[in-house]
Structure formats: C-alpha cells, structure tokens
$ cat model30.cif   # mmCIF, C-alpha atoms and all ligand atoms
data_protein
#
loop_
_atom_site.group_PDB
_atom_site.id
_atom_site.type_symbol
_atom_site.label_atom_id
_atom_site.label_comp_id
_atom_site.auth_asym_id
_atom_site.auth_seq_id
_atom_site.Cartn_x
_atom_site.Cartn_y
_atom_site.Cartn_z
ATOM 1 C CA MET A 1 -19.077 -11.140 -18.097
ATOM 2 C CA ALA A 2 -17.530 -9.691 -14.931
ATOM 3 C CA SER A 3 -19.828 -10.251 -11.991
ATOM 4 C CA ARG A 4 -22.445 -7.585 -11.361
ATOM 5 C CA LYS A 5 -21.049 -7.248 -7.869
ATOM 6 C CA ALA A 6 -17.539 -6.444 -9.143
ATOM 7 C CA ILE A 7 -18.835 -3.879 -11.644
ATOM 8 C CA ASP A 8 -21.028 -2.187 -9.041
ATOM 9 C CA LEU A 9 -18.151 -2.140 -6.558
ATOM 10 C CA VAL A 10 -15.837 -0.375 -9.029
ATOM 11 C CA LYS A 11 -18.559 2.066 -10.081
ATOM 12 C CA ASN A 12 -19.253 2.887 -6.454
ATOM 13 C CA GLU A 13 -15.608 3.351 -5.536
ATOM 14 C CA LEU A 14 -14.693 5.196 -8.764
ATOM 15 C CA PRO A 15 -17.843 7.127 -9.653
ATOM 16 C CA VAL A 16 -17.958 9.151 -12.871
ATOM 17 C CA ASP A 17 -20.465 11.964 -12.604
ATOM 18 C CA GLU A 18 -21.627 12.486 -16.147
ATOM 19 C CA GLU A 19 -22.859 15.870 -17.279
ATOM 20 C CA SER A 20 -24.991 16.929 -20.211
ATOM 21 C CA VAL A 21 -23.898 19.432 -22.831
ATOM 22 C CA VAL A 22 -25.801 21.717 -25.170
ATOM 23 C CA PHE A 23 -23.962 22.934 -28.271
ATOM 24 C CA SER A 24 -25.251 26.292 -29.434
ATOM 25 C CA GLY A 25 -22.474 27.168 -31.848
ATOM 26 C CA ASP A 26 -21.430 30.100 -29.664
ATOM 27 C CA LEU A 27 -18.197 28.197 -29.050
ATOM 28 C CA ARG A 28 -16.530 26.775 -32.124
ATOM 29 C CA THR A 29 -17.022 23.037 -31.730
ATOM 30 C CA GLY A 30 -15.423 20.094 -33.511
ATOM 31 C CA LEU A 31 -16.281 16.402 -33.531
ATOM 32 C CA VAL A 32 -13.510 13.787 -33.278
ATOM 33 C CA LEU A 33 -14.356 10.231 -34.353
ATOM 34 C CA VAL A 34 -11.848 7.653 -33.156
ATOM 35 C CA ASP A 35 -11.395 4.473 -35.210
ATOM 36 C CA ILE A 36 -15.009 3.757 -36.136
ATOM 37 C CA VAL A 37 -13.732 1.291 -38.728
ATOM 38 C CA ASN A 38 -14.875 -2.196 -39.673
ATOM 39 C CA GLY A 39 -11.861 -3.835 -38.012
ATOM 40 C CA PHE A 40 -13.105 -2.731 -34.585
ATOM 41 C CA CYS A 41 -16.855 -2.444 -35.095
ATOM 42 C CA THR A 42 -18.226 -4.823 -37.714
ATOM 43 C CA VAL A 43 -19.040 -8.370 -36.615
ATOM 44 C CA GLY A 44 -16.517 -10.877 -37.945
ATOM 45 C CA ALA A 45 -14.433 -8.252 -39.788
ATOM 46 C CA GLY A 46 -11.052 -9.222 -38.317
ATOM 47 C CA ASN A 47 -8.901 -10.152 -35.329
ATOM 48 C CA LEU A 48 -10.092 -7.197 -33.213
ATOM 49 C CA ALA A 49 -13.674 -7.018 -34.457
ATOM 50 C CA PRO A 50 -16.571 -8.274 -32.350
ATOM 51 C CA ARG A 51 -17.271 -11.981 -33.008
ATOM 52 C CA VAL A 52 -20.969 -11.651 -32.238
ATOM 53 C CA PRO A 53 -23.322 -8.643 -32.305
ATOM 54 C CA ASP A 54 -22.286 -6.276 -29.512
ATOM 55 C CA LYS A 55 -24.793 -3.847 -28.045
ATOM 56 C CA GLN A 56 -22.237 -1.379 -26.640
ATOM 57 C CA ILE A 57 -20.370 -1.207 -29.959
ATOM 58 C CA SER A 58 -23.472 -0.959 -32.175
ATOM 59 C CA GLY A 59 -24.867 1.718 -29.831
ATOM 60 C CA MET A 60 -21.603 3.671 -30.147
ATOM 61 C CA VAL A 61 -21.765 3.441 -33.954
ATOM 62 C CA ASP A 62 -25.396 4.636 -34.014
ATOM 63 C CA GLU A 63 -24.699 7.585 -31.691
ATOM 64 C CA SER A 64 -21.612 8.565 -33.695
ATOM 65 C CA ILE A 65 -23.560 8.507 -36.962
ATOM 66 C CA GLN A 66 -26.239 10.763 -35.442
ATOM 67 C CA LEU A 67 -23.643 13.242 -34.173
ATOM 68 C CA ALA A 68 -21.731 13.209 -37.457
ATOM 69 C CA LYS A 69 -24.962 13.965 -39.344
ATOM 70 C CA VAL A 70 -25.714 17.001 -37.165
ATOM 71 C CA PHE A 71 -22.141 18.315 -37.436
ATOM 72 C CA CYS A 72 -22.167 17.886 -41.206
ATOM 73 C CA GLU A 73 -25.579 19.571 -41.569
ATOM 74 C CA LYS A 74 -24.160 22.529 -39.642
ATOM 75 C CA LYS A 75 -20.874 22.347 -41.603
ATOM 76 C CA TRP A 76 -18.990 22.189 -38.311
ATOM 77 C CA PRO A 77 -15.537 20.580 -38.477
ATOM 78 C CA VAL A 78 -15.222 16.817 -38.103
ATOM 79 C CA PHE A 79 -11.958 14.902 -37.688
ATOM 80 C CA ALA A 80 -12.009 11.118 -38.149
ATOM 81 C CA PHE A 81 -9.162 8.765 -37.229
ATOM 82 C CA LEU A 82 -8.923 5.482 -39.107
ATOM 83 C CA ASP A 83 -6.622 2.863 -37.600
ATOM 84 C CA SER A 84 -4.550 1.670 -40.584
ATOM 85 C CA HIS A 85 -1.429 -0.494 -40.465
ATOM 86 C CA HIS A 86 1.201 -1.501 -42.975
ATOM 87 C CA PRO A 87 1.126 -5.311 -43.305
ATOM 88 C CA ASP A 88 4.796 -5.625 -42.270
ATOM 89 C CA VAL A 89 4.572 -3.428 -39.161
ATOM 90 C CA LEU A 90 2.930 -5.085 -36.183
ATOM 91 C CA GLU A 91 1.397 -3.209 -33.277
ATOM 92 C CA PRO A 92 2.152 -5.213 -30.138
ATOM 93 C CA PRO A 93 0.452 -6.346 -27.989
ATOM 94 C CA TYR A 94 -2.318 -6.628 -30.574
ATOM 95 C CA PRO A 95 -2.628 -9.222 -33.340
ATOM 96 C CA PRO A 96 -2.567 -7.924 -36.946
ATOM 97 C CA HIS A 97 -5.560 -5.660 -37.579
ATOM 98 C CA CYS A 98 -6.838 -2.866 -39.832
ATOM 99 C CA ILE A 99 -4.280 -3.509 -42.571
ATOM 100 C CA ILE A 100 -4.160 -0.690 -45.134
ATOM 101 C CA GLY A 101 -6.101 -1.550 -48.255
ATOM 102 C CA THR A 102 -8.454 -3.975 -46.525
ATOM 103 C CA ASP A 103 -12.019 -3.193 -45.561
ATOM 104 C CA GLU A 104 -10.988 -3.463 -41.893
ATOM 105 C CA SER A 105 -9.299 -0.073 -42.134
ATOM 106 C CA ASN A 106 -12.318 1.636 -43.707
ATOM 107 C CA LEU A 107 -15.107 3.512 -41.936
ATOM 108 C CA VAL A 108 -18.150 1.410 -41.044
ATOM 109 C CA PRO A 109 -20.816 1.412 -43.781
ATOM 110 C CA GLY A 110 -22.961 3.924 -41.863
ATOM 111 C CA LEU A 111 -20.148 6.511 -41.894
ATOM 112 C CA GLN A 112 -18.605 6.034 -45.341
ATOM 113 C CA TRP A 113 -20.488 9.079 -46.670
ATOM 114 C CA LEU A 114 -18.088 11.186 -44.532
ATOM 115 C CA GLU A 115 -15.449 10.647 -47.229
ATOM 116 C CA ASN A 116 -17.368 13.039 -49.498
ATOM 117 C CA GLU A 117 -18.067 15.791 -46.964
ATOM 118 C CA SER A 118 -16.069 19.010 -47.285
ATOM 119 C CA ASN A 119 -16.049 19.689 -43.507
ATOM 120 C CA VAL A 120 -14.462 16.302 -42.697
ATOM 121 C CA THR A 121 -10.746 15.601 -42.237
ATOM 122 C CA LEU A 122 -9.797 11.916 -42.407
ATOM 123 C CA ARG A 123 -6.557 10.772 -40.794
ATOM 124 C CA ARG A 124 -5.184 7.271 -41.132
ATOM 125 C CA LYS A 125 -2.998 6.462 -38.130
ATOM 126 C CA ASP A 126 -0.738 3.535 -37.359
ATOM 127 C CA CYS A 127 -0.548 3.830 -33.584
ATOM 128 C CA ILE A 128 -2.920 3.740 -30.635
ATOM 129 C CA ASP A 129 -2.666 7.435 -29.780
ATOM 130 C CA GLY A 130 -4.222 9.539 -32.533
ATOM 131 C CA PHE A 131 -2.450 12.690 -31.366
ATOM 132 C CA LEU A 132 0.929 11.032 -31.961
ATOM 133 C CA GLY A 133 -0.479 9.423 -35.097
ATOM 134 C CA SER A 134 -1.181 12.891 -36.494
ATOM 135 C CA PHE A 135 2.491 13.857 -36.740
ATOM 136 C CA GLU A 136 3.906 14.140 -40.240
ATOM 137 C CA ASN A 137 7.557 13.505 -41.099
ATOM 138 C CA ASP A 138 8.238 17.245 -41.150
ATOM 139 C CA GLY A 139 7.113 17.566 -37.511
ATOM 140 C CA SER A 140 3.780 19.187 -38.277
ATOM 141 C CA ASN A 141 0.662 17.686 -36.725
ATOM 142 C CA VAL A 142 -2.539 17.279 -38.731
ATOM 143 C CA PHE A 143 -4.761 17.355 -35.644
ATOM 144 C CA VAL A 144 -3.075 20.470 -34.197
ATOM 145 C CA ASP A 145 -3.406 22.165 -37.594
ATOM 146 C CA TRP A 146 -7.106 21.210 -37.719
ATOM 147 C CA VAL A 147 -7.745 22.813 -34.314
ATOM 148 C CA LYS A 148 -5.891 25.974 -35.300
ATOM 149 C CA THR A 149 -7.299 26.272 -38.824
ATOM 150 C CA HIS A 150 -10.883 26.057 -37.548
ATOM 151 C CA GLN A 151 -10.109 27.923 -34.285
ATOM 152 C CA ILE A 152 -11.810 25.116 -32.374
ATOM 153 C CA GLU A 153 -12.620 25.835 -28.725
ATOM 154 C CA VAL A 154 -14.390 22.593 -27.797
ATOM 155 C CA ILE A 155 -14.039 19.055 -29.109
ATOM 156 C CA VAL A 156 -16.410 16.201 -28.468
ATOM 157 C CA VAL A 157 -14.785 12.798 -28.765
ATOM 158 C CA VAL A 158 -16.509 9.511 -29.607
ATOM 159 C CA GLY A 159 -15.338 6.125 -30.836
ATOM 160 C CA ILE A 160 -13.548 2.981 -29.850
ATOM 161 C CA CYS A 161 -11.996 1.904 -27.547
ATOM 162 C CA THR A 162 -13.014 4.010 -24.572
ATOM 163 C CA ASP A 163 -9.990 2.868 -22.526
ATOM 164 C CA VAL A 164 -7.480 2.514 -25.381
ATOM 165 C CA CYS A 165 -7.455 4.758 -28.475
ATOM 166 C CA VAL A 166 -10.065 7.213 -27.165
ATOM 167 C CA LEU A 167 -8.334 7.528 -23.795
ATOM 168 C CA ASP A 168 -4.807 7.870 -25.192
ATOM 169 C CA PHE A 169 -5.924 10.530 -27.661
ATOM 170 C CA VAL A 170 -7.788 12.427 -24.941
ATOM 171 C CA CYS A 171 -4.825 12.300 -22.528
ATOM 172 C CA SER A 172 -2.319 13.513 -25.118
ATOM 173 C CA THR A 173 -4.701 16.240 -26.287
ATOM 174 C CA LEU A 174 -5.211 17.465 -22.717
ATOM 175 C CA SER A 175 -1.446 17.555 -22.100
ATOM 176 C CA ALA A 176 -0.883 19.380 -25.390
ATOM 177 C CA ARG A 177 -3.652 21.853 -24.524
ATOM 178 C CA ASN A 178 -2.179 22.434 -21.072
ATOM 179 C CA ARG A 179 1.214 23.135 -22.656
ATOM 180 C CA GLY A 180 -0.338 25.686 -25.020
ATOM 181 C CA TYR A 181 0.032 23.740 -28.269
ATOM 182 C CA LEU A 182 -3.676 23.688 -29.070
ATOM 183 C CA LYS A 183 -4.877 27.261 -28.687
ATOM 184 C CA PRO A 184 -7.762 28.169 -28.650
ATOM 185 C CA LEU A 185 -8.956 24.705 -27.523
ATOM 186 C CA LYS A 186 -10.513 24.872 -24.066
ATOM 187 C CA ASP A 187 -12.608 21.786 -23.430
ATOM 188 C CA VAL A 188 -12.284 18.125 -24.322
ATOM 189 C CA ILE A 189 -15.647 16.396 -23.977
ATOM 190 C CA VAL A 190 -16.054 12.625 -24.034
ATOM 191 C CA TYR A 191 -19.581 11.431 -24.861
ATOM 192 C CA SER A 192 -20.046 8.144 -23.023
ATOM 193 C CA GLY A 193 -22.868 6.788 -25.206
ATOM 194 C CA GLY A 194 -20.707 7.456 -28.264
ATOM 195 C CA CYS A 195 -17.853 5.349 -26.904
ATOM 196 C CA ALA A 196 -17.404 1.607 -26.602
ATOM 197 C CA THR A 197 -14.746 -0.941 -25.889
ATOM 198 C CA PHE A 198 -14.209 -4.623 -26.677
ATOM 199 C CA ASP A 199 -15.162 -7.560 -24.502
ATOM 200 C CA LEU A 200 -12.649 -10.217 -23.456
ATOM 201 C CA PRO A 201 -13.976 -11.776 -20.266
ATOM 202 C CA LEU A 202 -11.632 -13.428 -17.790
ATOM 203 C CA HIS A 203 -12.918 -16.940 -18.496
ATOM 204 C CA VAL A 204 -11.996 -16.501 -22.178
ATOM 205 C CA ALA A 205 -8.758 -14.562 -21.649
ATOM 206 C CA LYS A 206 -7.295 -17.154 -19.275
ATOM 207 C CA ASP A 207 -7.093 -19.700 -22.109
ATOM 208 C CA ILE A 208 -5.298 -17.287 -24.472
ATOM 209 C CA PRO A 209 -1.529 -17.154 -23.805
ATOM 210 C CA GLY A 210 -0.458 -13.650 -22.774
ATOM 211 C CA ALA A 211 -3.959 -12.168 -22.998
ATOM 212 C CA LEU A 212 -5.231 -9.754 -20.373
ATOM 213 C CA ALA A 213 -8.821 -9.994 -19.250
ATOM 214 C CA HIS A 214 -10.858 -7.054 -20.532
ATOM 215 C CA PRO A 215 -14.442 -7.128 -19.316
ATOM 216 C CA GLN A 216 -16.325 -4.643 -21.476
ATOM 217 C CA GLU A 217 -18.608 -2.764 -19.085
ATOM 218 C CA LEU A 218 -15.906 -2.454 -16.451
ATOM 219 C CA MET A 219 -13.195 -1.245 -18.833
ATOM 220 C CA HIS A 220 -15.556 1.203 -20.569
ATOM 221 C CA HIS A 221 -16.215 2.699 -17.130
ATOM 222 C CA VAL A 222 -12.508 2.749 -16.250
ATOM 223 C CA GLY A 223 -11.779 4.495 -19.558
ATOM 224 C CA LEU A 224 -14.323 7.215 -18.796
ATOM 225 C CA TYR A 225 -12.988 7.529 -15.253
ATOM 226 C CA MET A 226 -9.399 7.922 -16.447
ATOM 227 C CA ALA A 227 -10.423 10.502 -19.069
ATOM 228 C CA LYS A 228 -12.290 12.503 -16.453
ATOM 229 C CA SER A 229 -9.421 12.202 -13.966
ATOM 230 C CA ARG A 230 -7.095 13.782 -16.557
ATOM 231 C CA GLY A 231 -9.416 16.733 -17.110
ATOM 232 C CA ALA A 232 -11.881 15.680 -19.789
ATOM 233 C CA ILE A 233 -15.576 16.463 -19.355
ATOM 234 C CA VAL A 234 -17.615 13.258 -19.532
ATOM 235 C CA VAL A 235 -21.187 13.674 -20.709
ATOM 236 C CA SER A 236 -24.069 11.271 -21.092
ATOM 237 C CA GLU A 237 -26.229 13.654 -23.133
ATOM 238 C CA VAL A 238 -25.472 15.862 -26.125
ATOM 239 C CA SER A 239 -27.994 18.263 -27.614
ATOM 240 C CA PHE A 240 -28.038 21.297 -29.893
ATOM 241 C CA THR A 241 -29.780 24.650 -29.874
ATOM 242 C CA PRO A 242 -29.726 27.410 -32.489
ATOM 243 C CA SER A 243 -26.737 29.758 -32.198
ATOM 244 C CA LYS A 244 -27.360 33.065 -30.458
ATOM 245 C CA LYS A 245 -24.585 34.717 -32.458
HETATM 246 ZN ZN ZN B 301 -4.032 -0.384 -34.523
#

$ encode --input "model30.cif" --output "structure tokens"
Amino acid sequence: MASRKAIDLVKNELPVDEESVVFSGDLRTGLVLVDIVNGFCTVGAGNLAPRVPDKQISGMVDESIQLAKVFCEKKWPVFAFLDSHHPDVLEPPYPPHCIIGTDESNLVPGLQWLENESNVTLRRKDCIDGFLGSFENDGSNVFVDWVKTHQIEVIVVVGICTDVCVLDFVCSTLSARNRGYLKPLKDVIVYSGGCATFDLPLHVAKDIPGALAHPQELMHHVGLYMAKSRGAIVVSEVSFTPSKK
C-alpha cells in the first residue's frame, strides 16, 4: 500500500469536494454501470480480477447492486457496459482478460438479473472507453441512441476502474455533450462509493516487467479528481425522493 503520508499529501494538494445528490425523477435520470463483470470484480476470476478479497471493489459492487435495484423498481433506464474481447485481439497494455464466452465477461452474480429487465440496455465493448465502444459499424452509437431515446438529462456513473474505464467513458461523454451530440444530457455524475479500481502496489509492480505501479486508494482518488476536473459532478451520497411531477 502507498504510504499514508503520500495519499494524504495528494488528497490535500488535489482535493475533490464531493457533493450529495437527490434524484426526484423531475429530471430524466439514467444509470450507467461500467464493467461490473467477473473478470474485474470476482476474486480469482482472471488476469485482471482481484487475487484476494478487496474491500473497495466489493463495496463498489454492493453499491451498484443497490442503485440498479432502485432504478429497475422505478423502471428508469439503465445502461451496462460489459468488457468483452475476442480471443485473438489483445488490448495492450493489459494481459488477456474478459474473453467473450467466458464467465469473466459476464456480469457479477449479484447483477445477472439485469439481463431480464426491460429497462436495461447491455453493451459488450472491446475497448477501454465505453463511448467509443458503443459505435456500430454503420457509425451509429448505442449509448448516444440510449440517451436520445429516453431523453436522459442526467446520468449517474458507477463501476470499475475509477481511473480507467469509468474515467475514459466520462471524459468522452462530457466532450460529446459539450459538442452537442448528447442532447438533452446535462449532467454527468460520478458516485464515488460506486466506483473502484485495482490495486498494484509499487513493491509488487517493480518485479513485473513493464508494469506501472497502481496503488488503489491513490488512483481511485486521482480518477475522481480527473473526472471532476473535466466537468463531472462527483458525489459521495445518492438518495431518492418521490417525484413532484
Ligand atoms: Zn478490456
């Protein structure tokens, strides 16, 4: 683990003021789940899965399940990315992971019920950035179409990894929104407790050729900071009240 001193120093120099949000249904709101698949979340499931139980990752899964349940009870739109790769197409710099047809590329057991929900759109993607991974061969974009079809004004994003797939998706979505491709989307909210990243401490990474150190708590914070610096709203609390409409 990165030293407490280093983490505190970064958090002090790069603070992320986290807000709280209350969803009333007055704004059309969608939930985006990023890669909550076995290959990233289930202990021992593959090259990029945690090797031992991981509190940040299991907390992210639990929070995401709770949010997904509320959205599905309300029949609000949910969009779930599933990292899924063809066995012959690598994704450098990562080792093979989430190969199509294996359990690695499937939703974690606690979210598999989403496959049968009518308000849920599942999107298998073979790249880090889910926005780019939503393009079809004809140039259409499944995520853009989802926003427009449901007239979504706010999205709340959860998943893994805070500083990789979540961040890249958030950055591309914000740029696309700013260019007018995602009307009527206004706000992109990142829920910190519903996000997690992997842990590769320096003392482990230095013995792996080519590996970059990736201390979990620090990089989770950096991911949130970068998302906020690009214009996302970072929240530490999400709650719901009955719609006034
Ligand atoms: Zn991948």

$ residues_around --input "model30.cif" --residues "Leu132 of chain A" --least-positions-apart "5" --cutoff "9 Å" --atoms "all atoms listed in the file" --output "ChimeraX atom specification"
/A:125,127,141,169,172

$ resolve_selection --input "model30.cif" --expression "the PyMOL selection byres (((not hetatm)) within 7 of (chain B and resi 301))" --output "PyMOL selection string"
chain A and resi 83-85+91+97-98+126-128

$ write_last_selection --input "model30.cif" --atoms "C-alpha atoms" --output "short mmCIF file (atom, residue, chain, number, x, y, z; two decimals), keeping the file's coordinate frame"
data_model
loop_
_atom_site.label_atom_id
_atom_site.label_comp_id
_atom_site.auth_asym_id
_atom_site.auth_seq_id
_atom_site.Cartn_x
_atom_site.Cartn_y
_atom_site.Cartn_z
CA ASP A 83 -6.62 2.86 -37.60
CA SER A 84 -4.55 1.67 -40.58
CA HIS A 85 -1.43 -0.49 -40.47
CA GLU A 91 1.40 -3.21 -33.28
CA HIS A 97 -5.56 -5.66 -37.58
CA CYS A 98 -6.84 -2.87 -39.83
CA ASP A 126 -0.74 3.54 -37.36
CA CYS A 127 -0.55 3.83 -33.58
CA ILE A 128 -2.92 3.74 -30.64
#

$ closest_residue --input "model30.cif" --among "A:Leu218, A:Ala49, A:Val22, A:Val32" --to "Val158 of chain A" --atoms "all atoms listed in the file"
A:Val32

$ resolve_selection --input "model30.cif" --expression "the PyMOL selection byres (((chain A and resi 79) around 12) and not hetatm)" --output "number ranges by chain"
A: 29-36, 68, 71-72, 76-78, 80-82, 114-115, 117-124, 130-131, 134, 142-147, 150, 152, 155-159

$ resolve_selection --input "model30.cif" --expression "the PyMOL selection byres (((chain A and resi 107) around 7) and not hetatm)" --output "VMD selection string"
chain A and resid 36 to 38 105 to 106 108 to 109 111 to 112

$ closest_atom_pairs --input "model30.cif" --of "segment 57-80 of chain A" --to "segment 193-201 of chain A" --cutoff "8 Å" --atoms "only C-alpha atoms" --output "tab-separated table"
residue	atom	partner	partner_atom	distance
A:Ile57	CA	A:Ala196	CA	5.3
A:Gly59	CA	A:Gly193	CA	7.1
A:Met60	CA	A:Gly194	CA	4.3
A:Val61	CA	A:Gly194	CA	7.0
A:Asp62	CA	A:Gly194	CA	7.9
A:Glu63	CA	A:Gly194	CA	5.3
A:Ser64	CA	A:Gly194	CA	5.6

$ residues_around --input "model30.cif" --residues "Arg177 of chain A" --least-positions-apart "6" --cutoff "10 Å" --atoms "all atoms listed in the file" --output "PyMOL selection string"
chain A and resi 144+171+183-188

$ atom_distance --input "model30.cif" --atom1 "atom CA of Ile208 of chain A" --atom2 "atom CA of Pro95 of chain A"
12.3 Å

$ closest_residue --input "model30.cif" --among "A:Leu167, A:Ile160, A:Ala232, A:Ile99" --to "Ala45 of chain A" --atoms "all atoms listed in the file"
A:Ile99

$ residues_around --input "model30.cif" --residues "Gly44 of chain A" --least-positions-apart "6" --cutoff "12 Å" --atoms "only C-alpha atoms" --output "ChimeraX atom specification"
/A:38,50-54,103-104

$ closest_residue --input "model30.cif" --among "A:Gly231, A:Gln56, A:Arg28, A:Val170" --to "Lys148 of chain A" --atoms "all atoms listed in the file"
A:Arg28

$ atom_distance --input "model30.cif" --atom1 "atom CA of Glu237 of chain A" --atom2 "atom CA of Val21 of chain A"
6.2 Å

$ atom_distance --input "model30.cif" --atom1 "atom CA of Ile100 of chain A" --atom2 "atom CA of His86 of chain A"
5.8 Å

$ residues_near_point --input "model30.cif" --point "(-21.7, 10.7, -21.0)" --cutoff "10 Å" --atoms "all atoms listed in the file" --output "short mmCIF file (atom, residue, chain, number, x, y, z; two decimals) with C-alpha atoms, in the coordinates of the input"
data_model
loop_
_atom_site.label_atom_id
_atom_site.label_comp_id
_atom_site.auth_asym_id
_atom_site.auth_seq_id
_atom_site.Cartn_x
_atom_site.Cartn_y
_atom_site.Cartn_z
CA VAL A 16 -17.96 9.15 -12.87
CA ASP A 17 -20.46 11.96 -12.60
CA GLU A 18 -21.63 12.49 -16.15
CA GLU A 19 -22.86 15.87 -17.28
CA SER A 20 -24.99 16.93 -20.21
CA VAL A 21 -23.90 19.43 -22.83
CA ILE A 189 -15.65 16.40 -23.98
CA VAL A 190 -16.05 12.62 -24.03
CA TYR A 191 -19.58 11.43 -24.86
CA SER A 192 -20.05 8.14 -23.02
CA GLY A 193 -22.87 6.79 -25.21
CA GLY A 194 -20.71 7.46 -28.26
CA CYS A 195 -17.85 5.35 -26.90
CA LEU A 224 -14.32 7.22 -18.80
CA ILE A 233 -15.58 16.46 -19.36
CA VAL A 234 -17.61 13.26 -19.53
CA VAL A 235 -21.19 13.67 -20.71
CA SER A 236 -24.07 11.27 -21.09
CA GLU A 237 -26.23 13.65 -23.13
CA VAL A 238 -25.47 15.86 -26.12
#

$ closest_residue --input "model30.cif" --among "A:Cys41, A:Ala227, A:Val10, A:Val222" --to "Gly110 of chain A" --atoms "all atoms listed in the file"
A:Cys41

$ axis_aligned_box --input "model30.cif" --around "segment 173-179 of chain A" --padding-each-side "5 Å" --output "JSON"
{"center_x": -2.0, "center_y": 19.7, "center_z": -23.7, "size_x": 16.4, "size_y": 16.9, "size_z": 15.2}

$ closest_residue --input "model30.cif" --among "A:Tyr181, A:Phe240, A:Tyr225, A:Trp113" --to "Pro15 of chain A" --atoms "all atoms listed in the file"
A:Tyr225

$ closest_residue --input "model30.cif" --among "A:Leu182, A:Met226, A:Ala176, A:Leu202" --to "Val164 of chain A" --atoms "all atoms listed in the file"
A:Met226
